[in-house]
Amino acid sequence: MRMAGLSEAFSLALALPLALALPVTGALASDEPKTESQSWTFTGPLGSFDNLQLQRGYRIYKDVCSGCHSMRLLSYRNLGEPGGPEFSPEEVEAIAAQAQITDGPNDKGEMFQRPGRPSDLFRSPYANDAVARSMNKGALPPDLSVMAKARQGGPDYIYSLLTGYAKPPAGFEMTPGMQYNAAFPGHQIAMPQPLFDGSIRYADGTAPTLDNYARDVSAFLMWAAEPKLEQRHQLGARVMAFLAVFAVILFIAKRTVWSGLHAKRRRKRAAPSTAA
Ligand code: HEC
């Protein structure tokens, strides 16, 4: 009896939140955020990053996003590693040296500023989360190191978010200080639109459009979140090739083994009939 009571209470505890959640998800379904799928070089079993796209994406992060968003898991030397943006060692040195890093304490016990080195982690825009919030009307710009893996839709979502700013539809009530965004859940985001057509000049002649900026920085964030994607794809391809060859060898081996047994059985079957 006691057990039954317990399990009833348990199933009620499970069912209640479900029952409450269903009408909520039903209501959201009519107002779903829109994520636009893009074609990426890195999707598919053989996909790989376009290193020039990653270089452009890094510049956009550096020139625009890094004003508010940290990427604490990356260091400057990562920018020169194979499978990434693959900046040359000199470029990595120069990129790192542009950042002022707080180091120390020195002999007097004081912290000091020095130019960055390739081994340094990316410099964060704010000293701590409280400062970050106070500079962004209470909203915290999240760290972007693994953002492309943290949100459903990954790079498609980030692309859609960056291109999703629009006028709110008639009748949509906006909270003051928020922007309307078609891709953001709830459609009200505290991040002001960061990219506009023509706002950054590309050094390699790529058309300076919002569409290109959004795609390049999304690809860069995808690499940051999964820097070993290329190696993973290559290993997968090698495993598939090995399995294909192994299957052929197994097939030949099976034919060889069984051909002997078949012959033996045929001889056995033939023997009694000749005897009779
Ligand atoms: C002026 C500061 C500012 C700049 C510049 C900025 N952001 Fe943001 N960003 C924010 C804030 C604040 C939030 C939190 C928004 C919220 O929770 O409503 C945010 C949130 C985000 C999110 C998370 C959205 C989610 O699903 O929670 C992503 C992704 C993002 N920003 C990407 C970028 C990229 C990429 C750039 C550069 C092109 C950029 N941001 C530039 C302030 C900024």
# chains A, B, ... in the order shown; residues from 1 in each chain; ligands from 1
>>> residues_around(residues="region 83-88 of chain A", least_positions_apart="2", cutoff="12 Å", atoms="only C-alpha atoms", output="PyMOL selection string")
chain A and resi 42+47-59+74+76-81+90-96+118+216-217+219-234
>>> closest_atom_pairs(of="chain A", to="ligand 1", cutoff="7 Å", atoms="only C-alpha atoms and all ligand atoms", output="Markdown table")
| residue | atom | partner | partner_atom_place_in_ligand_line | distance |
| --- | --- | --- | --- | --- |
| A:Ile60 | CA | ligand 1 | 38 (C) | 6.3 |
| A:Tyr61 | CA | ligand 1 | 37 (C) | 5.5 |
| A:Val64 | CA | ligand 1 | 37 (C) | 5.1 |
| A:Cys65 | CA | ligand 1 | 37 (C) | 3.3 |
| A:Ser66 | CA | ligand 1 | 5 (C) | 6.8 |
| A:Gly67 | CA | ligand 1 | 5 (C) | 5.3 |
| A:Cys68 | CA | ligand 1 | 2 (C) | 4.4 |
| A:His69 | CA | ligand 1 | 7 (N) | 6.2 |
| A:Asn136 | CA | ligand 1 | 12 (C) | 5.1 |
| A:Ala139 | CA | ligand 1 | 12 (C) | 4.7 |
| A:Leu140 | CA | ligand 1 | 12 (C) | 5.1 |
| A:Pro141 | CA | ligand 1 | 11 (C) | 3.7 |
| A:Pro142 | CA | ligand 1 | 20 (C) | 5.9 |
| A:Leu144 | CA | ligand 1 | 29 (C) | 6.8 |
| A:Met147 | CA | ligand 1 | 29 (C) | 6.2 |
| A:Arg151 | CA | ligand 1 | 26 (O) | 6.5 |
| A:Ile158 | CA | ligand 1 | 29 (C) | 5.2 |
| A:Leu162 | CA | ligand 1 | 35 (C) | 6.8 |
| A:Phe184 | CA | ligand 1 | 26 (O) | 6.2 |
| A:Gln188 | CA | ligand 1 | 18 (O) | 6.7 |
| A:Ile189 | CA | ligand 1 | 18 (O) | 3.8 |
| A:Ala190 | CA | ligand 1 | 18 (O) | 3.7 |
| A:Met191 | CA | ligand 1 | 10 (C) | 3.9 |
| A:Pro192 | CA | ligand 1 | 1 (C) | 6.0 |
| A:Pro194 | CA | ligand 1 | 41 (C) | 5.1 |
| A:Leu195 | CA | ligand 1 | 38 (C) | 5.9 |
| A:Ala214 | CA | ligand 1 | 38 (C) | 7.0 |
| A:Val217 | CA | ligand 1 | 35 (C) | 6.1 |
| A:Ser218 | CA | ligand 1 | 35 (C) | 6.7 |
>>> select_by_dssp(residues="region 29-248 of chain A", states="helix (DSSP H, G or I)", output="number ranges by chain")
A: 29, 51-63, 65-67, 76-80, 89-98, 129-135, 147-150, 154-162, 210-225, 229-248
>>> residues_around(residues="Arg72 (chain A)", least_positions_apart="4", cutoff="7 Å", atoms="only C-alpha atoms", output="mmCIF file with C-alpha atoms, in the first residue's frame")
data_model
loop_
_atom_site.group_PDB
_atom_site.id
_atom_site.type_symbol
_atom_site.label_atom_id
_atom_site.label_comp_id
_atom_site.auth_asym_id
_atom_site.auth_seq_id
_atom_site.Cartn_x
_atom_site.Cartn_y
_atom_site.Cartn_z
ATOM 1 C CA LEU A 121 43.845 34.107 -23.460
ATOM 2 C CA PHE A 122 41.627 36.510 -25.429
ATOM 3 C CA SER A 124 37.755 40.144 -21.977
ATOM 4 C CA ASP A 143 30.812 34.492 -23.434
ATOM 5 C CA SER A 145 33.615 30.611 -26.801
#
>>> atom_distance(atom1="CA of Pro208 (chain A)", atom2="CA of Asn181 (chain A)")
21.8 Å
>>> decode(residues="region 116-258 of chain A", atoms="C-alpha atoms", output="short mmCIF file (atom, residue, chain, number, x, y, z; two decimals), in the first residue's frame")
data_model
loop_
_atom_site.label_atom_id
_atom_site.label_comp_id
_atom_site.auth_asym_id
_atom_site.auth_seq_id
_atom_site.Cartn_x
_atom_site.Cartn_y
_atom_site.Cartn_z
CA GLY A 116 49.59 40.48 -25.31
CA ARG A 117 51.54 37.35 -26.30
CA PRO A 118 50.28 34.43 -28.43
CA SER A 119 49.97 32.29 -25.27
CA ASP A 120 47.56 34.79 -23.63
CA LEU A 121 43.85 34.11 -23.46
CA PHE A 122 41.63 36.51 -25.43
CA ARG A 123 41.23 39.72 -23.50
CA SER A 124 37.76 40.14 -21.98
CA PRO A 125 35.99 43.48 -22.49
CA TYR A 126 34.82 43.81 -18.88
CA ALA A 127 36.61 43.19 -15.59
CA ASN A 128 33.66 41.14 -14.28
CA ASP A 129 30.02 40.27 -14.92
CA ALA A 130 28.70 43.09 -12.72
CA VAL A 131 30.50 45.70 -14.84
CA ALA A 132 29.27 43.93 -18.00
CA ARG A 133 25.66 44.12 -16.80
CA SER A 134 25.92 47.73 -15.71
CA MET A 135 27.20 48.67 -19.18
CA ASN A 136 24.40 46.75 -20.96
CA LYS A 137 21.25 47.91 -19.19
CA GLY A 138 21.32 44.93 -16.85
CA ALA A 139 21.74 42.26 -19.56
CA LEU A 140 24.86 40.11 -19.55
CA PRO A 141 26.54 39.63 -22.95
CA PRO A 142 27.34 35.90 -22.76
CA ASP A 143 30.81 34.49 -23.43
CA LEU A 144 30.96 33.39 -27.08
CA SER A 145 33.62 30.61 -26.80
CA VAL A 146 31.13 27.76 -27.18
CA MET A 147 28.01 29.73 -28.14
CA ALA A 148 27.73 27.95 -31.52
CA LYS A 149 27.31 24.67 -29.63
CA ALA A 150 25.25 26.05 -26.77
CA ARG A 151 22.26 27.19 -28.82
CA GLN A 152 19.95 25.00 -30.82
CA GLY A 153 20.61 25.66 -34.51
CA GLY A 154 24.25 26.61 -33.78
CA PRO A 155 25.73 28.79 -36.54
CA ASP A 156 22.35 28.98 -38.34
CA TYR A 157 20.88 30.49 -35.18
CA ILE A 158 23.70 33.02 -34.75
CA TYR A 159 23.42 34.01 -38.43
CA SER A 160 19.64 34.40 -38.06
CA LEU A 161 20.06 36.40 -34.85
CA LEU A 162 22.51 38.84 -36.44
CA THR A 163 20.28 39.33 -39.52
CA GLY A 164 17.00 39.06 -37.59
CA TYR A 165 16.62 42.68 -36.40
CA ALA A 166 13.44 44.28 -37.71
CA LYS A 167 10.61 46.65 -36.83
CA PRO A 168 8.24 44.94 -34.38
CA PRO A 169 5.03 43.80 -36.06
CA ALA A 170 1.93 45.95 -35.42
CA GLY A 171 0.48 45.28 -31.99
CA PHE A 172 3.71 43.76 -30.58
CA GLU A 173 4.47 45.40 -27.26
CA MET A 174 8.13 46.22 -26.78
CA THR A 175 9.82 46.77 -23.43
CA PRO A 176 11.74 50.08 -23.57
CA GLY A 177 15.44 49.58 -24.36
CA MET A 178 14.91 46.22 -26.07
CA GLN A 179 15.14 45.47 -29.81
CA TYR A 180 12.84 43.30 -31.85
CA ASN A 181 14.57 40.23 -33.30
CA ALA A 182 12.83 37.54 -35.35
CA ALA A 183 15.27 34.78 -34.33
CA PHE A 184 15.51 35.46 -30.59
CA PRO A 185 13.12 33.47 -28.37
CA GLY A 186 10.47 35.94 -27.19
CA HIS A 187 11.64 38.39 -29.91
CA GLN A 188 12.98 41.00 -27.48
CA ILE A 189 16.73 41.17 -27.11
CA ALA A 190 18.89 43.53 -25.08
CA MET A 191 21.74 43.41 -27.63
CA PRO A 192 21.59 46.40 -30.00
CA GLN A 193 21.95 45.42 -33.69
CA PRO A 194 25.75 45.01 -34.01
CA LEU A 195 26.19 44.69 -37.81
CA PHE A 196 24.88 46.71 -40.76
CA ASP A 197 25.52 46.63 -44.51
CA GLY A 198 28.84 48.36 -45.17
CA SER A 199 29.79 48.84 -41.50
CA ILE A 200 33.14 47.01 -41.85
CA ARG A 201 35.60 46.95 -44.73
CA TYR A 202 36.87 43.52 -45.78
CA ALA A 203 40.53 43.50 -46.75
CA ASP A 204 40.11 40.65 -49.28
CA GLY A 205 37.44 42.28 -51.46
CA THR A 206 34.49 40.23 -50.14
CA ALA A 207 31.25 42.24 -50.53
CA PRO A 208 30.73 44.27 -47.33
CA THR A 209 27.18 43.13 -46.61
CA LEU A 210 25.38 42.27 -43.39
CA ASP A 211 24.72 38.84 -44.88
CA ASN A 212 28.46 38.15 -45.35
CA TYR A 213 29.43 39.58 -41.94
CA ALA A 214 26.83 37.43 -40.20
CA ARG A 215 27.87 34.28 -42.07
CA ASP A 216 31.61 34.82 -41.51
CA VAL A 217 31.37 35.56 -37.80
CA SER A 218 29.01 32.58 -37.31
CA ALA A 219 31.52 30.29 -39.04
CA PHE A 220 34.27 31.70 -36.81
CA LEU A 221 32.19 31.02 -33.69
CA MET A 222 31.53 27.49 -34.92
CA TRP A 223 35.27 26.86 -35.27
CA ALA A 224 35.85 28.32 -31.79
CA ALA A 225 33.25 25.94 -30.33
CA GLU A 226 34.55 22.92 -32.24
CA PRO A 227 38.16 23.48 -33.29
CA LYS A 228 38.74 19.76 -33.94
CA LEU A 229 35.83 19.38 -36.39
CA GLU A 230 38.14 18.87 -39.38
CA GLN A 231 40.21 16.17 -37.67
CA ARG A 232 36.99 14.48 -36.55
CA HIS A 233 35.67 14.44 -40.12
CA GLN A 234 38.99 13.13 -41.47
CA LEU A 235 39.09 10.35 -38.89
CA GLY A 236 35.49 9.46 -39.76
CA ALA A 237 36.37 9.23 -43.47
CA ARG A 238 39.38 7.01 -42.69
CA VAL A 239 37.28 4.72 -40.50
CA MET A 240 34.67 4.41 -43.27
CA ALA A 241 37.37 3.57 -45.85
CA PHE A 242 38.86 0.98 -43.50
CA LEU A 243 35.43 -0.57 -42.88
CA ALA A 244 34.76 -0.76 -46.65
CA VAL A 245 38.08 -2.56 -47.31
CA PHE A 246 37.53 -4.80 -44.29
CA ALA A 247 34.04 -5.74 -45.53
CA VAL A 248 35.50 -6.84 -48.89
CA ILE A 249 38.18 -8.92 -47.13
CA LEU A 250 35.54 -10.52 -44.89
CA PHE A 251 33.38 -11.30 -47.90
CA ILE A 252 36.26 -12.97 -49.75
CA ALA A 253 37.24 -14.89 -46.60
CA LYS A 254 33.67 -16.06 -46.10
CA ARG A 255 33.46 -17.24 -49.74
CA THR A 256 36.74 -19.12 -49.43
CA VAL A 257 35.83 -20.85 -46.14
CA TRP A 258 32.35 -21.77 -47.23
#
